[in-house]
>>> print(open('protein25.cif').read())   # mmCIF, C-alpha atoms and all ligand atoms
data_final
#
loop_
_atom_site.label_atom_id
_atom_site.label_comp_id
_atom_site.auth_asym_id
_atom_site.auth_seq_id
_atom_site.Cartn_x
_atom_site.Cartn_y
_atom_site.Cartn_z
CA MET Y 243 59.51 121.92 136.88
CA LYS Y 244 61.91 124.65 135.77
CA ILE Y 245 65.37 125.73 136.88
CA ASP Y 246 63.96 129.05 138.10
CA ASN Y 247 61.45 127.57 140.53
CA TYR Y 248 63.49 124.67 141.88
CA ASP Y 249 65.22 124.93 145.25
CA PHE Y 250 68.76 123.66 144.59
CA ALA Y 251 70.06 124.54 148.07
CA GLY Y 252 71.97 121.57 149.48
CA LYS Y 253 70.98 119.40 146.49
CA LYS Y 254 73.24 117.50 144.12
CA ALA Y 255 72.25 118.10 140.51
CA ILE Y 256 73.35 115.76 137.75
CA VAL Y 257 73.34 117.75 134.52
CA ARG Y 258 73.61 116.27 131.02
CA VAL Y 259 75.40 118.83 128.88
CA ASP Y 260 76.80 118.69 125.37
CA PHE Y 261 80.55 119.17 125.85
CA ASN Y 262 81.27 117.37 122.58
CA VAL Y 263 83.67 120.17 121.63
CA PRO Y 264 86.18 119.99 118.78
CA LEU Y 265 89.79 119.45 119.90
CA ASP Y 266 93.02 119.98 117.98
CA GLU Y 267 95.79 117.37 117.78
CA ASN Y 268 97.14 118.56 121.15
CA GLY Y 269 93.79 118.11 122.86
CA LYS Y 270 93.12 121.87 122.97
CA ILE Y 271 89.58 123.10 122.39
CA THR Y 272 89.19 124.87 119.05
CA ASP Y 273 85.60 126.07 119.60
CA ASP Y 274 84.11 126.38 123.08
CA THR Y 275 80.60 127.42 121.98
CA ARG Y 276 79.06 124.33 123.56
CA ILE Y 277 80.70 124.94 126.92
CA ARG Y 278 79.57 128.54 126.90
CA GLY Y 279 76.07 127.40 125.93
CA ALA Y 280 75.71 125.35 129.12
CA LEU Y 281 77.08 128.00 131.50
CA PRO Y 282 73.80 129.77 132.40
CA THR Y 283 72.29 126.52 133.70
CA LEU Y 284 75.44 125.37 135.50
CA LYS Y 285 76.05 128.75 137.13
CA ALA Y 286 72.42 129.12 138.21
CA ILE Y 287 72.55 125.79 140.07
CA LEU Y 288 75.81 126.70 141.82
CA GLU Y 289 74.64 130.21 142.72
CA ARG Y 290 71.51 128.76 144.28
CA GLY Y 291 73.42 126.48 146.63
CA GLY Y 292 73.52 123.25 144.64
CA SER Y 293 76.49 121.10 143.73
CA LEU Y 294 77.06 119.88 140.19
CA ILE Y 295 77.76 116.54 138.63
CA ILE Y 296 78.36 117.29 134.98
CA MET Y 297 78.10 114.52 132.39
CA SER Y 298 78.63 114.50 128.65
CA HIS Y 299 79.84 112.46 125.72
CA MET Y 300 82.67 113.43 123.41
CA GLY Y 301 83.27 112.00 119.97
CA LYS Y 302 82.47 108.42 119.05
CA PRO Y 303 84.57 106.10 121.24
CA LYS Y 304 82.04 103.32 120.49
CA GLY Y 305 81.69 102.00 124.02
CA LYS Y 306 85.42 101.72 124.71
CA VAL Y 307 87.82 103.74 126.82
CA ASN Y 308 89.87 105.91 124.46
CA PRO Y 309 92.14 108.67 125.86
CA LYS Y 310 91.64 110.65 122.64
CA TYR Y 311 88.08 111.32 123.78
CA SER Y 312 88.74 111.80 127.48
CA LEU Y 313 86.87 114.69 129.06
CA SER Y 314 89.87 115.17 131.36
CA GLN Y 315 91.29 117.21 128.47
CA ILE Y 316 88.65 119.88 128.92
CA LYS Y 317 88.43 119.89 132.74
CA ASP Y 318 90.54 123.03 133.12
CA ASP Y 319 88.57 124.85 130.44
CA VAL Y 320 85.33 124.00 132.21
CA ALA Y 321 86.83 125.20 135.51
CA LYS Y 322 87.91 128.45 133.88
CA ALA Y 323 84.50 128.99 132.31
CA LEU Y 324 82.72 128.33 135.62
CA GLY Y 325 85.24 130.28 137.66
CA CYS Y 326 85.74 127.52 140.22
CA ASP Y 327 87.60 124.24 140.75
CA VAL Y 328 86.33 121.17 138.94
CA LYS Y 329 86.99 117.64 140.23
CA PHE Y 330 87.23 114.80 137.76
CA ALA Y 331 85.77 111.29 138.02
CA PRO Y 332 87.84 109.07 135.68
CA ASP Y 333 85.12 106.39 135.54
CA CYS Y 334 81.60 107.71 135.12
CA ALA Y 335 80.02 104.48 136.34
CA ASN Y 336 82.08 104.37 139.54
CA ALA Y 337 81.83 107.88 140.86
CA GLU Y 338 79.58 107.38 143.88
CA GLU Y 339 82.23 108.38 146.42
CA ALA Y 340 83.30 111.47 144.54
CA ALA Y 341 79.65 112.46 144.13
CA ALA Y 342 78.80 111.78 147.78
CA SER Y 343 81.62 114.00 149.03
CA LEU Y 344 80.50 117.03 146.98
CA LYS Y 345 79.62 120.09 149.04
CA PRO Y 346 77.33 122.93 147.91
CA GLY Y 347 79.08 124.97 145.23
CA GLU Y 348 81.40 122.13 144.22
CA VAL Y 349 81.64 120.59 140.77
CA LEU Y 350 82.43 117.09 139.57
CA LEU Y 351 82.96 116.30 135.88
CA LEU Y 352 82.35 112.67 134.90
CA GLU Y 353 84.48 110.92 132.28
CA ASN Y 354 83.00 110.43 128.78
CA LEU Y 355 79.70 108.55 129.06
CA ARG Y 356 80.28 106.83 125.73
CA PHE Y 357 83.23 104.90 127.13
CA TYR Y 358 80.38 102.58 128.15
CA PRO Y 359 78.25 100.98 125.40
CA GLU Y 360 75.34 101.19 127.86
CA GLU Y 361 75.15 104.95 127.26
CA GLU Y 362 73.90 104.54 123.70
CA GLY Y 363 72.34 101.17 124.47
CA LYS Y 364 73.39 99.54 121.19
CA PRO Y 365 74.86 96.03 121.31
CA VAL Y 366 78.51 95.99 120.26
CA GLY Y 367 80.36 93.47 118.15
CA ILE Y 368 77.23 91.89 116.70
CA ASP Y 369 75.77 92.43 113.29
CA LYS Y 370 72.13 93.48 112.84
CA GLU Y 371 71.67 90.50 110.51
CA ASP Y 372 72.89 88.07 113.19
CA PRO Y 373 70.01 85.89 114.52
CA ALA Y 374 71.27 86.61 118.05
CA TYR Y 375 71.03 90.38 117.54
CA ASP Y 376 67.56 90.85 119.06
CA ALA Y 377 68.51 89.01 122.23
CA ALA Y 378 71.74 91.04 122.48
CA LYS Y 379 69.77 94.24 122.03
CA LYS Y 380 67.32 93.27 124.76
CA GLU Y 381 70.17 92.46 127.11
CA MET Y 382 71.87 95.77 126.34
CA LYS Y 383 68.64 97.68 127.06
CA GLU Y 384 68.58 96.07 130.52
CA ARG Y 385 72.21 97.02 131.07
CA GLN Y 386 71.38 100.54 129.90
CA LYS Y 387 68.70 100.82 132.59
CA GLU Y 388 71.17 99.74 135.27
CA PHE Y 389 73.79 102.19 133.97
CA ALA Y 390 71.22 105.01 134.02
CA LYS Y 391 70.18 104.07 137.57
CA LYS Y 392 73.80 104.25 138.66
CA LEU Y 393 74.21 107.75 137.24
CA ALA Y 394 70.92 108.79 138.84
CA SER Y 395 72.07 107.49 142.23
CA TYR Y 396 74.72 110.23 142.41
CA ALA Y 397 72.18 113.05 142.60
CA ASN Y 398 68.88 114.40 143.93
CA VAL Y 399 67.84 116.18 140.77
CA TYR Y 400 68.33 115.67 137.01
CA VAL Y 401 68.71 118.46 134.50
CA ASN Y 402 68.97 117.89 130.75
CA ASP Y 403 70.66 120.75 128.90
CA ALA Y 404 72.09 118.80 125.96
CA PHE Y 405 69.94 119.74 122.99
CA GLY Y 406 72.44 118.26 120.51
CA THR Y 407 71.61 114.74 121.76
CA ALA Y 408 67.97 115.29 122.68
CA HIS Y 409 66.84 113.21 119.70
CA ARG Y 410 68.60 110.15 121.14
CA LYS Y 411 67.13 107.89 123.79
CA HIS Y 412 70.41 107.34 125.61
CA ALA Y 413 71.01 106.49 129.26
CA SER Y 414 72.00 110.04 130.22
CA THR Y 415 69.58 111.89 127.93
CA ALA Y 416 66.36 110.02 128.63
CA VAL Y 417 66.49 106.69 130.51
CA ILE Y 418 67.98 108.33 133.62
CA ALA Y 419 64.88 110.49 134.00
CA ASP Y 420 62.84 107.43 135.03
CA SER Y 421 64.73 107.42 138.33
CA PHE Y 422 63.56 110.91 139.31
CA SER Y 423 60.11 112.09 140.35
CA SER Y 424 58.49 114.69 138.10
CA ASP Y 425 59.41 117.40 140.63
CA ASP Y 426 63.09 116.51 140.46
CA LYS Y 427 63.78 116.61 136.72
CA MET Y 428 63.79 119.48 134.30
CA LEU Y 429 65.22 121.03 131.15
CA GLY Y 430 68.13 123.44 131.42
CA TYR Y 431 68.00 126.99 130.06
CA LEU Y 432 69.67 126.07 126.76
CA MET Y 433 67.17 123.28 126.12
CA GLU Y 434 64.28 125.57 127.01
CA LYS Y 435 65.58 128.18 124.56
CA GLU Y 436 66.02 125.61 121.78
CA VAL Y 437 62.56 124.15 122.30
CA GLN Y 438 61.13 127.68 122.30
CA ALA Y 439 62.93 128.54 119.04
CA VAL Y 440 61.38 125.51 117.33
CA ASP Y 441 58.04 126.45 118.79
CA ASN Y 442 58.41 129.96 117.36
CA ILE Y 443 58.90 128.43 113.92
CA LEU Y 444 56.08 125.90 114.13
CA SER Y 445 53.32 127.34 116.27
CA ASP Y 446 52.74 130.67 114.69
CA ILE Y 447 54.28 130.68 111.26
CA LYS Y 448 54.55 134.20 109.85
CA ARG Y 449 54.44 134.02 106.09
CA PRO Y 450 56.11 133.76 103.73
CA PHE Y 451 58.06 130.87 105.30
CA THR Y 452 61.28 130.10 103.44
CA ALA Y 453 63.36 127.05 104.28
CA ILE Y 454 66.87 126.64 102.90
CA MET Y 455 68.27 123.13 102.94
CA GLY Y 456 71.79 122.54 101.73
CA GLY Y 457 74.71 120.25 102.36
CA SER Y 458 76.04 117.35 100.43
CA LYS Y 459 73.24 114.81 100.26
CA VAL Y 460 69.50 114.50 99.70
CA SER Y 461 69.39 111.16 101.50
CA THR Y 462 70.18 112.51 104.95
CA LYS Y 463 67.66 115.36 104.63
CA ILE Y 464 64.76 113.65 102.92
CA GLY Y 465 62.63 113.33 106.08
CA ILE Y 466 62.79 117.02 106.83
CA ILE Y 467 62.42 118.05 103.18
CA GLU Y 468 59.19 116.06 102.82
CA ASN Y 469 57.93 117.35 106.13
CA LEU Y 470 58.74 120.98 105.31
CA MET Y 471 56.76 120.66 102.11
CA ASP Y 472 53.57 120.85 104.19
CA LYS Y 473 54.69 124.00 105.98
CA VAL Y 474 56.75 126.27 103.76
CA ASP Y 475 55.96 128.68 100.95
CA ASN Y 476 59.45 128.55 99.48
CA LEU Y 477 61.95 125.73 99.66
CA ILE Y 478 65.50 126.35 98.51
CA LEU Y 479 67.49 123.17 97.95
CA CYS Y 480 71.17 123.91 97.44
CA GLY Y 481 74.71 122.62 97.93
CA GLY Y 482 75.66 119.20 96.63
CA MET Y 483 71.98 118.18 96.38
CA THR Y 484 71.66 120.51 93.37
CA TYR Y 485 73.37 117.99 91.12
CA THR Y 486 71.21 115.02 92.06
CA PHE Y 487 68.21 117.15 91.03
CA ALA Y 488 69.96 118.37 87.87
CA LYS Y 489 70.85 114.84 86.78
CA ALA Y 490 67.38 113.55 87.61
CA GLN Y 491 65.97 116.13 85.19
CA GLY Y 492 68.31 115.05 82.42
CA GLY Y 493 71.11 117.53 83.12
CA LYS Y 494 74.81 116.93 82.54
CA ILE Y 495 76.64 117.36 85.81
CA GLY Y 496 80.27 116.46 85.01
CA ASP Y 497 82.01 115.12 88.10
CA SER Y 498 79.70 116.83 90.60
CA ILE Y 499 78.59 115.02 93.73
CA CYS Y 500 75.45 113.01 93.01
CA GLU Y 501 73.39 110.26 94.62
CA ASP Y 502 72.49 108.09 91.66
CA ASP Y 503 70.08 106.01 93.72
CA LYS Y 504 68.11 109.13 94.66
CA LEU Y 505 67.22 110.39 91.18
CA GLU Y 506 63.63 109.06 91.42
CA LEU Y 507 63.33 110.62 94.85
CA ALA Y 508 64.47 113.97 93.47
CA LEU Y 509 61.77 113.84 90.77
CA ASP Y 510 59.23 112.89 93.40
CA ILE Y 511 60.19 115.93 95.50
CA ILE Y 512 59.75 118.19 92.47
CA LYS Y 513 56.33 116.64 91.79
CA LYS Y 514 55.21 116.98 95.41
CA ALA Y 515 56.31 120.62 95.54
CA ASN Y 516 54.17 121.27 92.44
CA GLU Y 517 51.17 119.48 93.92
CA LYS Y 518 51.44 121.34 97.20
CA GLY Y 519 52.06 124.74 95.63
CA VAL Y 520 55.50 125.09 97.21
CA ASN Y 521 57.91 127.31 95.31
CA LEU Y 522 60.89 124.97 94.95
CA VAL Y 523 64.06 126.90 94.16
CA LEU Y 524 66.99 124.93 92.75
CA GLY Y 525 70.33 126.25 91.54
CA THR Y 526 70.38 127.12 87.84
CA ASP Y 527 74.04 128.07 87.53
CA CYS Y 528 77.08 127.07 89.54
CA VAL Y 529 80.75 127.68 90.14
CA ALA Y 530 82.39 124.59 88.65
CA ALA Y 531 85.93 123.60 89.60
CA ASP Y 532 88.45 121.38 87.83
CA SER Y 533 89.30 119.65 91.13
CA PHE Y 534 88.01 119.42 94.69
CA SER Y 535 90.34 122.03 96.11
CA ASN Y 536 90.38 125.67 97.14
CA ASP Y 537 92.91 126.51 94.43
CA ALA Y 538 91.09 124.76 91.61
CA LYS Y 539 90.47 126.55 88.32
CA THR Y 540 86.85 127.69 88.14
CA GLN Y 541 84.20 128.64 85.63
CA ILE Y 542 80.57 129.68 85.92
CA CYS Y 543 78.29 127.31 84.04
CA SER Y 544 74.74 126.02 83.96
CA ALA Y 545 74.12 123.52 86.76
CA ASN Y 546 72.56 121.34 84.03
CA ASP Y 547 75.52 121.51 81.69
CA ILE Y 548 78.79 120.98 83.49
CA PRO Y 549 81.71 119.80 81.34
CA ASP Y 550 83.32 116.43 82.08
CA GLY Y 551 86.24 116.77 84.49
CA TRP Y 552 84.53 119.70 86.29
CA GLU Y 553 82.36 119.66 89.41
CA GLY Y 554 79.92 122.18 90.88
CA LEU Y 555 81.27 123.39 94.21
CA ASP Y 556 79.29 126.58 94.76
CA ALA Y 557 76.15 128.41 93.66
CA GLY Y 558 76.51 130.70 90.63
CA PRO Y 559 75.55 134.40 90.49
CA LYS Y 560 72.07 133.89 88.98
CA THR Y 561 71.33 131.27 91.63
CA CYS Y 562 72.50 133.58 94.43
CA GLU Y 563 70.18 136.28 93.11
CA ALA Y 564 67.25 133.82 92.96
CA PHE Y 565 67.92 132.72 96.56
CA ARG Y 566 68.05 136.35 97.68
CA GLU Y 567 64.73 137.10 96.01
CA VAL Y 568 62.86 134.48 98.03
CA ILE Y 569 64.72 135.04 101.29
CA LEU Y 570 64.35 138.83 101.49
CA PRO Y 571 60.53 139.03 101.75
CA ALA Y 572 60.33 136.01 104.09
CA LYS Y 573 58.96 136.44 107.61
CA THR Y 574 60.04 132.99 108.85
CA ILE Y 575 63.36 131.47 107.78
CA LEU Y 576 65.01 128.15 108.52
CA TRP Y 577 68.54 127.45 107.25
CA ASN Y 578 70.26 124.09 107.47
CA GLY Y 579 73.22 123.19 105.30
CA PRO Y 580 75.64 125.22 103.16
CA ALA Y 581 75.17 126.14 99.48
CA GLY Y 582 78.68 125.12 98.55
CA VAL Y 583 81.96 123.77 99.88
CA PHE Y 584 82.19 126.70 102.29
CA GLU Y 585 85.23 125.18 104.03
CA PHE Y 586 87.20 126.37 100.97
CA ASP Y 587 87.37 130.18 101.08
CA ASN Y 588 86.95 130.39 97.30
CA PHE Y 589 83.59 128.56 97.42
CA THR Y 590 81.73 130.49 100.10
CA THR Y 591 79.81 132.85 97.78
CA GLY Y 592 76.50 130.95 97.76
CA SER Y 593 76.46 130.41 101.51
CA ARG Y 594 77.47 134.03 102.05
CA ALA Y 595 74.65 135.25 99.79
CA ILE Y 596 72.18 133.20 101.82
CA ALA Y 597 73.58 134.44 105.14
CA ASP Y 598 73.52 138.08 103.99
CA ALA Y 599 69.93 137.80 102.76
CA ILE Y 600 68.86 136.14 106.03
CA VAL Y 601 70.44 138.98 108.03
CA GLU Y 602 68.66 141.56 105.87
CA ALA Y 603 65.32 139.77 106.22
CA THR Y 604 65.86 139.50 109.97
CA ASN Y 605 66.46 143.25 110.13
CA ASN Y 606 63.13 143.62 108.34
CA GLY Y 607 61.33 141.64 111.03
CA ALA Y 608 61.71 137.99 110.02
CA PHE Y 609 62.34 135.25 112.60
CA SER Y 610 65.39 133.36 111.37
CA LEU Y 611 66.66 130.09 112.76
CA VAL Y 612 70.03 128.71 111.68
CA GLY Y 613 70.86 125.18 112.77
CA GLY Y 614 73.13 122.26 112.03
CA GLY Y 615 76.89 122.25 112.44
CA ASP Y 616 77.79 123.43 108.96
CA SER Y 617 75.38 126.34 108.62
CA VAL Y 618 76.34 127.47 112.12
CA ALA Y 619 80.00 127.24 111.07
CA CYS Y 620 79.07 129.41 108.05
CA VAL Y 621 77.45 132.20 110.06
CA ASN Y 622 80.36 132.06 112.49
CA LYS Y 623 82.85 132.22 109.62
CA PHE Y 624 81.05 135.26 108.21
CA GLY Y 625 80.78 136.91 111.66
CA LEU Y 626 76.99 137.06 111.34
CA ALA Y 627 75.89 134.73 114.15
CA ASP Y 628 74.56 137.57 116.28
CA GLN Y 629 72.57 139.04 113.38
CA VAL Y 630 70.11 136.18 112.95
CA SER Y 631 67.27 135.50 115.39
CA TYR Y 632 68.51 132.18 116.74
CA VAL Y 633 71.49 129.91 116.18
CA SER Y 634 70.67 126.38 117.28
CA THR Y 635 73.24 124.07 118.85
CA GLY Y 636 71.37 121.08 117.45
CA GLY Y 637 71.72 119.50 114.03
CA GLY Y 638 69.80 116.22 113.99
CA ALA Y 639 67.82 117.20 117.08
CA LEU Y 640 66.72 120.48 115.53
CA LEU Y 641 65.58 118.83 112.31
CA GLU Y 642 63.69 116.10 114.14
CA ALA Y 643 61.97 118.70 116.31
CA ILE Y 644 60.97 120.68 113.23
CA GLU Y 645 59.71 117.50 111.61
CA GLY Y 646 57.33 117.44 114.55
CA LYS Y 647 58.92 114.39 116.19
CA VAL Y 648 58.87 114.21 119.97
CA LEU Y 649 62.46 114.41 121.21
CA PRO Y 650 63.13 111.65 123.79
CA GLY Y 651 65.38 113.99 125.79
CA VAL Y 652 62.56 116.50 126.14
CA ALA Y 653 59.74 114.00 126.60
CA ALA Y 654 61.64 112.22 129.41
CA VAL Y 655 61.51 115.23 131.72
CA LYS Y 656 58.16 116.68 130.71
P1 LIG E 1 75.82 117.66 105.15
O1 LIG E 1 76.75 116.91 106.06
O2 LIG E 1 75.05 116.78 104.22
O3 LIG E 1 74.97 118.69 105.85
O4 LIG E 1 76.77 118.47 104.17
C1 LIG E 1 77.68 119.43 104.58
C2 LIG E 1 78.82 119.41 103.63
O5 LIG E 1 78.34 119.57 102.32
C3 LIG E 1 79.84 120.51 103.83
O6 LIG E 1 81.02 119.94 104.33
C4 LIG E 1 80.05 121.07 102.42
O7 LIG E 1 81.41 121.21 102.08
C5 LIG E 1 79.42 120.00 101.55
N1 LIG E 1 78.98 120.52 100.24
C6 LIG E 1 78.20 121.58 100.00
N2 LIG E 1 78.08 121.79 98.68
C7 LIG E 1 78.81 120.83 98.06
C8 LIG E 1 79.10 120.53 96.71
N3 LIG E 1 78.58 121.26 95.72
N4 LIG E 1 79.90 119.49 96.44
C9 LIG E 1 80.42 118.76 97.45
N5 LIG E 1 80.18 118.99 98.75
C10 LIG E 1 79.38 120.02 99.06
#
>>> encode(input="protein25.cif", output="structure tokens")
Amino acid sequence: MKIDNYDFAGKKAIVRVDFNVPLDENGKITDDTRIRGALPTLKAILERGGSLIIMSHMGKPKGKVNPKYSLSQIKDDVAKALGCDVKFAPDCANAEEAAASLKPGEVLLLENLRFYPEEEGKPVGIDKEDPAYDAAKKEMKERQKEFAKKLASYANVYVNDAFGTAHRKHASTAVIADSFSSDDKMLGYLMEKEVQAVDNILSDIKRPFTAIMGGSKVSTKIGIIENLMDKVDNLILCGGMTYTFAKAQGGKIGDSICEDDKLELALDIIKKANEKGVNLVLGTDCVAADSFSNDAKTQICSANDIPDGWEGLDAGPKTCEAFREVILPAKTILWNGPAGVFEFDNFTTGSRAIADAIVEATNNGAFSLVGGGDSVACVNKFGLADQVSYVSTGGGALLEAIEGKVLPGVAAVK
């Protein structure tokens, strides 16, 4: 079932969106990309005579009510974006009356789903090592089913448009779907687009395929790095990971970020790349700083020979050139994770070089997919978001999809 061929007239649609937007200290939205991302689905349902029950999480309230994460703070922004009034249900698990009174064209926003531990379905206040943990987990899974049934009872049809949480089997992203027949559940437009973008990358890979993985740690990216090794021609590993690789190969990395327990893993990745014929590109030089700050003193040095008291915070000029060389001829490009501490304006050069090369390759016909909060923040910062083929709203979900894992949020409605 798809949005376009479903008759929403007179129906109540419960839509899982990702309104996990960043707020400033006054509760004002600082980036409304995620709200804008959900608008096509929400507007289509309203225009076609449906009413909307919108549900989302925000932040990590860990199963407790916390006004800091209340979705009431964004109600007016959602109303403005939709161009109509939005009612608010202050308790997502007790909204049956508010939902029942909705008329076609009306909108109800539910309070943060994660104010209930049932949303994530993880037992709270009990350690994994505790002998009673398994029983607590089982009990919580039962409570999660009941919670999901309650949400489902508000509506006739379920739409999942929250790609950012599609890799989680939560009450609102997956379990809820069990309460709807296959004709009454579907993906929203944003989800469809995201799934399509991953499909574009995986189903018909135009070569060369260059993946660029950056960010601070190897440990959080190891699954995708190993998986990509079977698919890509070139694999650029950059950002803080550079120094774990440099140290593993006997380099001197000063005070640079490093995962000492991942040195073996780094050597293993190098070996696997060799065995599989993947061109692994690691930084050779770097911009080293005498402190972790935008105003630090800097020097260009070898990534394998950084003086004590200095740390590599950005890719050096030779490295940028090497990245550019493998990105430019690519026909398929995936970018996840910055090449330096791009939050500091003085350490954006590596990430900028990558973004510029991706834009150039895209202009030459490559399909480029940029995903994960930080790389998306980079292309936004550089004003280049509309010059790549696709900017994904998913971080973890995108990587898991590219790893070939079935996303519970997608599987539940398909
Ligand atoms: P991750 O959460 O692992 O994707 O990493 C993203 C973060 O990595 C960003 O906040 C960057 O500032 C940080 N990062 C990138 N390069 C470095 C580096 N050389 N040293 C420390 N942090 C870095």
>>> residues_near_ligand(input="protein25.cif", ligand="ligand LIG 1 (chain E)", cutoff="6 Å", atoms="only C-alpha atoms and all ligand atoms", output="ChimeraX atom specification")
/Y:457-459,481-482,499,554-556,579-585,616
>>> residues_around(input="protein25.cif", residues="region 344-359 of chain Y", least_positions_apart="3", cutoff="9 Å", atoms="all atoms listed in the file", output="MDAnalysis selection string")
chainID Y and resid 251:254 287:308 311:314 317 320:321 326:335 337 339:341 362:366 382 386 389 413:414
>>> residues_near_point(input="protein25.cif", point="(67.6, 119.0, 126.6)", cutoff="10 Å", atoms="only C-alpha atoms", output="mmCIF file with C-alpha atoms, in the coordinates of the input")
data_model
loop_
_atom_site.group_PDB
_atom_site.id
_atom_site.type_symbol
_atom_site.label_atom_id
_atom_site.label_comp_id
_atom_site.auth_asym_id
_atom_site.auth_seq_id
_atom_site.Cartn_x
_atom_site.Cartn_y
_atom_site.Cartn_z
ATOM 1 C CA VAL Y 257 73.340 117.750 134.520
ATOM 2 C CA ARG Y 258 73.610 116.270 131.020
ATOM 3 C CA VAL Y 259 75.400 118.830 128.880
ATOM 4 C CA ASP Y 260 76.800 118.690 125.370
ATOM 5 C CA VAL Y 401 68.710 118.460 134.500
ATOM 6 C CA ASN Y 402 68.970 117.890 130.750
ATOM 7 C CA ASP Y 403 70.660 120.750 128.900
ATOM 8 C CA ALA Y 404 72.090 118.800 125.960
ATOM 9 C CA PHE Y 405 69.940 119.740 122.990
ATOM 10 C CA GLY Y 406 72.440 118.260 120.510
ATOM 11 C CA THR Y 407 71.610 114.740 121.760
ATOM 12 C CA ALA Y 408 67.970 115.290 122.680
ATOM 13 C CA HIS Y 409 66.840 113.210 119.700
ATOM 14 C CA THR Y 415 69.580 111.890 127.930
ATOM 15 C CA ALA Y 416 66.360 110.020 128.630
ATOM 16 C CA MET Y 428 63.790 119.480 134.300
ATOM 17 C CA LEU Y 429 65.220 121.030 131.150
ATOM 18 C CA GLY Y 430 68.130 123.440 131.420
ATOM 19 C CA TYR Y 431 68.000 126.990 130.060
ATOM 20 C CA LEU Y 432 69.670 126.070 126.760
ATOM 21 C CA MET Y 433 67.170 123.280 126.120
ATOM 22 C CA GLU Y 434 64.280 125.570 127.010
ATOM 23 C CA LYS Y 435 65.580 128.180 124.560
ATOM 24 C CA GLU Y 436 66.020 125.610 121.780
ATOM 25 C CA VAL Y 437 62.560 124.150 122.300
ATOM 26 C CA ALA Y 639 67.820 117.200 117.080
ATOM 27 C CA LEU Y 649 62.460 114.410 121.210
ATOM 28 C CA PRO Y 650 63.130 111.650 123.790
ATOM 29 C CA GLY Y 651 65.380 113.990 125.790
ATOM 30 C CA VAL Y 652 62.560 116.500 126.140
ATOM 31 C CA ALA Y 653 59.740 114.000 126.600
ATOM 32 C CA ALA Y 654 61.640 112.220 129.410
ATOM 33 C CA VAL Y 655 61.510 115.230 131.720
#
>>> closest_residue(input="protein25.cif", among="Y:Ser395, Y:Ser424, Y:Gln315, Y:Thr635", to="Ala255 (chain Y)", atoms="all atoms listed in the file")
Y:Ser395
>>> residues_around(input="protein25.cif", residues="Tyr632 (chain Y)", least_positions_apart="3", cutoff="9 Å", atoms="only C-alpha atoms", output="list in words")
Glu436, Ala439, Phe609, Ser610, Leu611, Val612, Gly613, Ala627, Asp628 and Gln629 of chain Y
>>> residues_around(input="protein25.cif", residues="region 513-525 of chain Y", least_positions_apart="2", cutoff="9 Å", atoms="only C-alpha atoms", output="PyMOL selection string")
chain Y and resi 468+471-481+484-485+487-488+508-511+527-528+544-545+557-558+560-562+564-565+568
>>> write_last_selection(input="protein25.cif", atoms="C-alpha atoms", output="PDB file, keeping the file's coordinate frame")
ATOM      1  CA  GLU Y 468      59.190 116.060 102.820  1.00  0.00           C
ATOM      2  CA  MET Y 471      56.760 120.660 102.110  1.00  0.00           C
ATOM      3  CA  ASP Y 472      53.570 120.850 104.190  1.00  0.00           C
ATOM      4  CA  LYS Y 473      54.690 124.000 105.980  1.00  0.00           C
ATOM      5  CA  VAL Y 474      56.750 126.270 103.760  1.00  0.00           C
ATOM      6  CA  ASP Y 475      55.960 128.680 100.950  1.00  0.00           C
ATOM      7  CA  ASN Y 476      59.450 128.550  99.480  1.00  0.00           C
ATOM      8  CA  LEU Y 477      61.950 125.730  99.660  1.00  0.00           C
ATOM      9  CA  ILE Y 478      65.500 126.350  98.510  1.00  0.00           C
ATOM     10  CA  LEU Y 479      67.490 123.170  97.950  1.00  0.00           C
ATOM     11  CA  CYS Y 480      71.170 123.910  97.440  1.00  0.00           C
ATOM     12  CA  GLY Y 481      74.710 122.620  97.930  1.00  0.00           C
ATOM     13  CA  THR Y 484      71.660 120.510  93.370  1.00  0.00           C
ATOM     14  CA  TYR Y 485      73.370 117.990  91.120  1.00  0.00           C
ATOM     15  CA  PHE Y 487      68.210 117.150  91.030  1.00  0.00           C
ATOM     16  CA  ALA Y 488      69.960 118.370  87.870  1.00  0.00           C
ATOM     17  CA  ALA Y 508      64.470 113.970  93.470  1.00  0.00           C
ATOM     18  CA  LEU Y 509      61.770 113.840  90.770  1.00  0.00           C
ATOM     19  CA  ASP Y 510      59.230 112.890  93.400  1.00  0.00           C
ATOM     20  CA  ILE Y 511      60.190 115.930  95.500  1.00  0.00           C
ATOM     21  CA  ASP Y 527      74.040 128.070  87.530  1.00  0.00           C
ATOM     22  CA  CYS Y 528      77.080 127.070  89.540  1.00  0.00           C
ATOM     23  CA  SER Y 544      74.740 126.020  83.960  1.00  0.00           C
ATOM     24  CA  ALA Y 545      74.120 123.520  86.760  1.00  0.00           C
ATOM     25  CA  ALA Y 557      76.150 128.410  93.660  1.00  0.00           C
ATOM     26  CA  GLY Y 558      76.510 130.700  90.630  1.00  0.00           C
ATOM     27  CA  LYS Y 560      72.070 133.890  88.980  1.00  0.00           C
ATOM     28  CA  THR Y 561      71.330 131.270  91.630  1.00  0.00           C
ATOM     29  CA  CYS Y 562      72.500 133.580  94.430  1.00  0.00           C
ATOM     30  CA  ALA Y 564      67.250 133.820  92.960  1.00  0.00           C
ATOM     31  CA  PHE Y 565      67.920 132.720  96.560  1.00  0.00           C
ATOM     32  CA  VAL Y 568      62.860 134.480  98.030  1.00  0.00           C
TER      33      VAL Y 568
END
>>> atom_distance(input="protein25.cif", atom1="CA of Gly646 (chain Y)", atom2="CA of Ile443 (chain Y)")
11.1 Å
